[in-house]
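A.B. asks: A single structure is presented below for examination.
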There are 4 protein chains.
Amino acid sequence: MTHKQQYSLHTDLAVEAKEMYVEGKEKSKQQIDGIDEQYKQYKGIDVTRTMINAQAAKKIQKEPGCYITIHSEDLNQGDTTEQHHIENVLAKEIEWLIHEHNITEEAVGLIVGLGNLRVTPDALGPKTSEKILVTNHLFTLEDYDVTQGYRPVSTIAPGVMGTTGMETMEIIQGIVKEHEPDFLIAIDALRARAVSRLNETIQLSDTGIHPGSGIGNKRKGLSEDTLGIPVFAIGVPTVVDAVTITNDAIENVLRHLGKAWKDQDRPSQSLAPSGFHFGKSKLSEEDKPERKEQQSLLGIFGTLTHEEKQAFINEVLTPLGANLIVTPKNVDAFMDDMSDILANGLNQALHANITPDNSNAYTK
Amino acid sequence: MTHKQQYSLHTDLAVEAKEMYVEGKEKSKQQIDGIDEQYKQYKGIDVTRTMINAQAAKKIQKEPGCYITIHSEDLNQGDTTEQHHIENVLAKEIEWLIHEHNITEEAVGLIVGLGNLRVTPDALGPKTSEKILVTNHLFTLEDYDVTQGYRPVSTIAPGVMGTTGMETMEIIQGIVKEHEPDFLIAIDALRARAVSRLNETIQLSDTGIHPGSGIGNKRKGLSEDTLGIPVFAIGVPTVVDAVTITNDAIENVLRHLGKAWKDQDRPSQSLAPSGFHFGKSKLSEEDKPERKEQQSLLGIFGTLTHEEKQAFINEVLTPLGANLIVTPKNVDAFMDDMSDILANGLNQALHANITPDNSNAYTK
Amino acid sequence: MTHKQQYSLHTDLAVEAKEMYVEGKEKSKQQIDGIDEQYKQYKGIDVTRTMINAQAAKKIQKEPGCYITIHSEDLNQGDTTEQHHIENVLAKEIEWLIHEHNITEEAVGLIVGLGNLRVTPDALGPKTSEKILVTNHLFTLEDYDVTQGYRPVSTIAPGVMGTTGMETMEIIQGIVKEHEPDFLIAIDALRARAVSRLNETIQLSDTGIHPGSGIGNKRKGLSEDTLGIPVFAIGVPTVVDAVTITNDAIENVLRHLGKAWKDQDRPSQSLAPSGFHFGKSKLSEEDKPERKEQQSLLGIFGTLTHEEKQAFINEVLTPLGANLIVTPKNVDAFMDDMSDILANGLNQALHANITPDNSNAYTK
Amino acid sequence: MTHKQQYSLHTDLAVEAKEMYVEGKEKSKQQIDGIDEQYKQYKGIDVTRTMINAQAAKKIQKEPGCYITIHSEDLNQGDTTEQHHIENVLAKEIEWLIHEHNITEEAVGLIVGLGNLRVTPDALGPKTSEKILVTNHLFTLEDYDVTQGYRPVSTIAPGVMGTTGMETMEIIQGIVKEHEPDFLIAIDALRARAVSRLNETIQLSDTGIHPGSGIGNKRKGLSEDTLGIPVFAIGVPTVVDAVTITNDAIENVLRHLGKAWKDQDRPSQSLAPSGFHFGKSKLSEEDKPERKEQQSLLGIFGTLTHEEKQAFINEVLTPLGANLIVTPKNVDAFMDDMSDILANGLNQALHANITPDNSNAYTK
């Protein structure tokens, strides 16, 4: 069971790619040349801006560029007030990112909703597309007075290859050549590589969308290289596989046991009423026991790194047809909420006239 | 009230355009040079093939080409056996029409579902598109063995300008250039100019789709001229306006009164139990009273031709905002059935392996 | 054509029933003993409260009780600001009506959404039911602290007989006996008897729902007599038949001609640029020409009263199977908006804590 | 980590309850007094009839009665031919079961679709209910000639407590008292306790539905005790939790390692090209290594029984809020197919005139 061969676990999230790369490395070596991370927090919403240069990009197997991760446990709680905060943070980050690319206030934007409307966990793109405020056609009508403060915006949900028979890239390529937008924003549902990111993370990037990304079969990429205009991507992890669920659960088992081990002597422990929690309990990487104890607890299996375990479980489950790809039971409500958040965030970011105070009226 | 000025009432159906043109003309003059009509009937399904040459096309304000009208009162009765008959007739006519244009069995077809999925009476195109058997992508996969008897078929439902912000023509143009299909079939919901055609008629043509057609705002046309490949169109009238409903009702009132007038002396009448009908009663153009009697019955209004009345009622209702566009109450069930019929008919016509016996399995 | 026999045209709206009764009567006789009407207007929203006693009820063929009609052309314009005003007016009227019946703030309410979710024009009840804030179950959970300011509310959409196989009355009867609510509010889509009321009117009443009402086949009534608790009804006309459309159009033709006749001498007319309108033009009952002129314009047909024409057109169209029941093309959007308005209005009226400022958050 | 305390893991499937009970017991002791199992197989479809008497029922914590499990990997493969076979097997089993309870061909049946239409993995009941052939109302219409060969059938989808505010039991109780059916069949989505049963198993029983069953909060049971008529239940596991996924994965890891251990000497192994599989590979209980080896492989954790591991993982994940309940990504297609299968099976079983040859026409 010396399972050391390289096993490539693709992730769509840059923060995960980086974490996977540094895993097992000493703290002092976790800083990677060419990766610059900035971190902010607004009322329980974590925002990480990660800049990756070409050299570092190769190491962590992601495209070079800027990745912004917005993380909040409130994303999937159905709380409209919290969701409104997230919308506003998202709007600010989109605005900042397109501004960095010198997109003017008059530039024509095309919003592409990738995925399959009839497969709920893959419907984020099409559902968001339906809620986007489209204005482009109004600018071409002579007798229509478009109030200042709006830019021309179009949107399309091209479907997936299994339902159209065409490469999605082919469809988008054709539309871009004919319609000639100045920039493109693609929205897609992703596969999570950590249960904790599922339905809690939005990733925004300026690197486009690349083969193997997403949960469907979108094949050829959408990027500035292929389309000739800046291509931004917004992705939300909405599905996860059995391998990841299992590996994360084992990780938690280890942390739980490690913590119990360490807490044995602490006297304070005995004062707390059993089973008494303030909110959800938390376990962290620090709670994990030492390697030796891991082996005692989990045997040879316990000696593998997180990534090795993932590779190994994958090797067992996949041939059995048991590596199920799943989505949380409340997927319908989450997709409704999430497409509201993305559409509101985009509408605010794209049109000067749309603000946190009136954004809801545009998606209703 | 000498309302004689020309009033253009556009119709998408060639049979209606021709009827409007010959209305009021003597029987002997109802034959138009350059229009050739063939008529067939299969078990209650009427099929009319109308060939219109360039000269005649101008007279009746339609594009020159071939128009096939399939009419059956069973189309909207929800009877699956009858609908299956109609599918088979439709399949035969599509096959014949594309064969006339030398489309081979290997030629790549693109099916375009026009209209708005979220507006039920306009959703015929998108709903049919969802049920089309797509095969094109299978031909490009190396390790996939496509059984002989299928052609490459793709499909797209591009949405409408109000929801995408783009001209539908622009989207289709782009996709055609990139994807390079050999022929295109566009499906669209139409506005009926006679209540009797609503939800009872399918029109098939080889003339493409032209500005002002359809019930939405599709603007620029889809045709061999603009796209460079043969463009067939399948249209079904699913909405009608208040002007047409009113004019048709007045026509029926006139026929009813004319018939009552003529029947007054007939002794047989008294033998039939009052209110006893064998099925729906029927009134025909022949039942209409003479002009003079029409005036007595309906006053000055009665002296107008059918088309003049339509124009006049339109002139009254439209400024009042009262020319409602409506659809039958059972629109949801009709759209489900009709999109099944169109998809089954298309699947049969496009793939040699799909036959009346197995077509249902492909749309389920 | 002396078509004078009695022809019963049922209407669900009390205001229409009264209008039909007084039609053709002299102004001085249009006041009916036992009917008391109060009229208010808020920013383009007309509210009429009509109290009908037992004696008057028989004359106009409606149940005795209180009927409130809220009418606004903005109901179907998709304008969220106007719709919010209508919600607030509706909430106030519901509050007033249930207060008149001594319903306390703690009384348990059951909201019943009648109709068929799968037939869009008949889906108003089920769609509203889905947006109602339900609280009843929270009051029964011991460890759940329901904030003061809410009452127990439940809701059910029982379906229609064609889809359940059961009388709707049977289902509701059973639930009421078991659940024991203190009052019931039923929501239903109605058939309009005037195009001008279609999608522009909400009727609220305390008389329950009676056989023949609604557009489906709900058969036995829901009322205090049958259920033993106060039964309120909210109805919105969402469909209309071809007979009504035709008769209303003929009415408008007569008014148009009458107005043209009268305007012939007016010099001011010539000053207005042709085709120049400030908003929609309006025609009123006063514009109709005298009887003699009506006959000249519309022949013998023109001599019939409005109701007689309706009966006659019905007699012609119905045996032909041509009395189509239709709904406006934008039925999907209207149903979405209307169910929002009704649910917001109900939520506000039923819970002290829900106000115009926060009502949207409850139906999102 | 001597985690031996009793941990109750409720399962809705009788076969699982029995397996859990005998787990760890010697082969000879796996036979339980009072449980009689019959096993049949039709073309890849496994059918198990399990009769449980009162005494045995207590041991395995299920209601006494008859449970029929239909299991097929083809259930979720979208293959219409296979699904049709399963329908026919299901129909035969339903027929047998209701016949065992002396339900006559004229007896009135009420089909109850439990669950929430708006939560896709919980929508099996409502979706099936929509496809049931309802006939009850036809028997009450005087002028309607119901062809012999049909029984009166009604159906209702009462919703869930979170959307109606009422106990589902209360609603059904009320309807049963008023409508007086002779027997009731309830359809519900279940939570699987083994990944291998998810979307591959249909359980049919004559024991009704009991508190804690199902994935929603249906609370009080539906049974002959509470309703006074025979209550049959059809359940399909459509969701699973992270604990079960993890435990099943660990089980597979152990089996995989055990098999590898045993295969080390087998020469045949080296002949097979690496990674070459004929179909999905299979691992079975027999592949698991001995206890001692399990400890070496998985440490102390490896010494726990399957059920103890499940309890322990649950104890770790639940307080972290990490015991996600999930459903496969293709949940939409599965629910469409599964509700077709259940409705076709029920329609065939309930009406003598509906046969495998014509059943599809009734659900279309």
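Identifiers in the structure tokens: chain A, B, ... in order shown; residue index from 1 per chain; ligand index from 1 in order shown.
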So that I can see what lies close to Asp33 in chain C, please list as number ranges by chain the residues with an atom at most 8 Å from it, counting only C-alpha atoms and leaving out residues fewer than 2 positions away in the same chain.
C.D. replies: C: 31, 35, 56
A.B. asks: If you run DSSP on the backbone, which residues of range 95-299 of chain D are helix (DSSP H, G or I), as a ChimeraX atom specification?
C.D. replies: /D:95-100,120-122,124-131,136-140,161-164,168-179,195-197,224-227,242-263,268-271,285-287,291-299
A.B. asks: Counting only C-alpha atoms, what are the residues of chain D within 12 Å of chain B, and for each of them which pair of atoms is the nearest and at what distance in Å, to one decimal? Sort the table by chain and rising number, as JSON lines.
C.D. replies:
{"residue": "D:Gly78", "atom": "CA", "partner": "B:Lys364", "partner_atom": "CA", "distance": 10.2}
{"residue": "D:Asp79", "atom": "CA", "partner": "B:Ala361", "partner_atom": "CA", "distance": 9.8}
{"residue": "D:Thr80", "atom": "CA", "partner": "B:Ala361", "partner_atom": "CA", "distance": 7.2}
{"residue": "D:Thr81", "atom": "CA", "partner": "B:Ala361", "partner_atom": "CA", "distance": 9.0}
{"residue": "D:Gln83", "atom": "CA", "partner": "B:Ala361", "partner_atom": "CA", "distance": 11.8}
{"residue": "D:His84", "atom": "CA", "partner": "B:Ala361", "partner_atom": "CA", "distance": 11.3}
{"residue": "D:Ala333", "atom": "CA", "partner": "B:Lys364", "partner_atom": "CA", "distance": 11.1}
{"residue": "D:Asp336", "atom": "CA", "partner": "B:Lys364", "partner_atom": "CA", "distance": 10.0}
{"residue": "D:Asp337", "atom": "CA", "partner": "B:Lys364", "partner_atom": "CA", "distance": 9.4}
{"residue": "D:Asp340", "atom": "CA", "partner": "B:Lys364", "partner_atom": "CA", "distance": 10.3}
{"residue": "D:Asn358", "atom": "CA", "partner": "B:Thr80", "partner_atom": "CA", "distance": 11.5}
{"residue": "D:Asn360", "atom": "CA", "partner": "B:Asn360", "partner_atom": "CA", "distance": 9.9}
{"residue": "D:Ala361", "atom": "CA", "partner": "B:Thr80", "partner_atom": "CA", "distance": 7.3}
{"residue": "D:Tyr362", "atom": "CA", "partner": "B:Thr80", "partner_atom": "CA", "distance": 9.5}
{"residue": "D:Thr363", "atom": "CA", "partner": "B:Lys364", "partner_atom": "CA", "distance": 10.9}
{"residue": "D:Lys364", "atom": "CA", "partner": "B:Lys364", "partner_atom": "CA", "distance": 8.5}
A.B. asks: Just want the 10 Å neighbourhood of Ala57 in chain C, counted on only C-alpha atoms, with same-chain residues fewer than 5 positions away dropped. Output as a list of chain:residue names.
C.D. replies: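 Final neighbour list, sorted by chain and number: C:Ala14, C:Ala17, C:Lys18, C:Gly34, C:Ile35, C:Met51, C:Ile52, C:Lys62, C:Glu63, C:Pro64, C:Gly65.
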A.B. asks: When you look at Ser359 in chain B with a cut-off of 7 Å (counting only C-alpha atoms), what residues show up, excluding the ones that are within fewer than 3 positions of it in the same chain? I need them as a ChimeraX atom specification.
C.D. replies: /B:344,348,354-356,362
